[in-house]
Amino acid sequence: MLKIILDTDIGDDIDDFLTIGLILKKQLNLVGVTTVYREANARASIVKNFFEYVGCSNIPVYAGYSKPISEKSRALGKLNYGTGVNTEIEYNQPEEAVDFIIDCAKRYGKELTLLAIGAQTNIAKAYQKAPEVMSGIGKLVIMGAAFFIHNDEWNIACDPMAAKIVSESNMPITYVSWDVTKLISIGNDNNEYICEITD
């Protein structure tokens, strides 16, 4: 049975919340969430608070790396996570998020799909630490890059070195690039949410 780890930079925009919502709505087997980039602990708090609110507090949440591997990346700045989020909880050291990914790769092998929808720092660190184990997963799906238009895509620009490590790895990668995602719009038609893809 398919197992999913979501690696996310939740907290900047609504798209990562939508991803988690769709995973839970479809009752997919989400075995854990790791957070990445710029105040990863605060991002983990956001996920943890959300899971408690929707009754899914049994799903593990790990705060991964806040600082990118790259010397040059997007400015880190402060995360604007609004109010009502408990960001004082210290979940773990970032290496524990990497070890969680590796442990799941060992346990589930081809059944594991990694969904990376932020900077690829955690994924790159996991591959550097256990390349053979990480190469044995079922699939790594990356929301990032731009292949058909010239664009400084955010998830790549946040940690270009991590993206390079991952792209040159032996992991089975599927990219869903920015130029593809921008063709999709979600709206509301008679109280039913619809998804449209334009040419």
# chains A, B, ... in the order shown; residues from 1 in each chain; ligands from 1
>>> residues_around(residues="segment 97-99 of chain A", least_positions_apart="5", cutoff="12 Å", atoms="only C-alpha atoms", output="ChimeraX atom specification")
/A:5-8,32-36,40-41,44,60-66,91-92,104-106,120-130,133-134
>>> residues_around(residues="Leu140 of chain A", least_positions_apart="5", cutoff="12 Å", atoms="only C-alpha atoms", output="PyMOL selection string")
chain A and resi 3-7+101+105+109-117+120+123-124+127+134-135+166-167+169-176
>>> select_by_dssp(residues="segment 58-175 of chain A", states="helix (DSSP H, G or I)", output="number ranges by chain")
A: 94-111, 121-129, 131-135, 154-157, 160-167
>>> atom_distance(atom1="atom CA of Ile20 of chain A", atom2="atom CA of Ile165 of chain A")
26.1 Å
>>> closest_residue(among="A:Asp159, A:Glu168, A:Glu39, A:Asp179", to="Met143 of chain A", atoms="only C-alpha atoms")
A:Asp179
>>> select_by_dssp(residues="segment 16-194 of chain A", states="strand (DSSP E)", output="PyMOL selection string")
chain A and resi 30-35+61-63+112-116+139-143+173-176+184-189+192-194
>>> closest_residue(among="A:Lys164, A:Lys67, A:Arg107, A:His150", to="Gly138 of chain A", atoms="only C-alpha atoms")
A:Arg107
>>> atom_distance(atom1="atom CA of Leu22 of chain A", atom2="atom CA of Gly118 of chain A")
17.0 Å
>>> closest_residue(among="A:Ile69, A:Leu24, A:Ala157, A:Leu30", to="Val54 of chain A", atoms="only C-alpha atoms")
A:Leu24
>>> closest_residue(among="A:Ile10, A:Leu18, A:Leu2, A:Ala119", to="Ala42 of chain A", atoms="only C-alpha atoms")
A:Ile10
>>> atom_distance(atom1="atom CA of Glu153 of chain A", atom2="atom CA of Thr181 of chain A")
11.6 Å
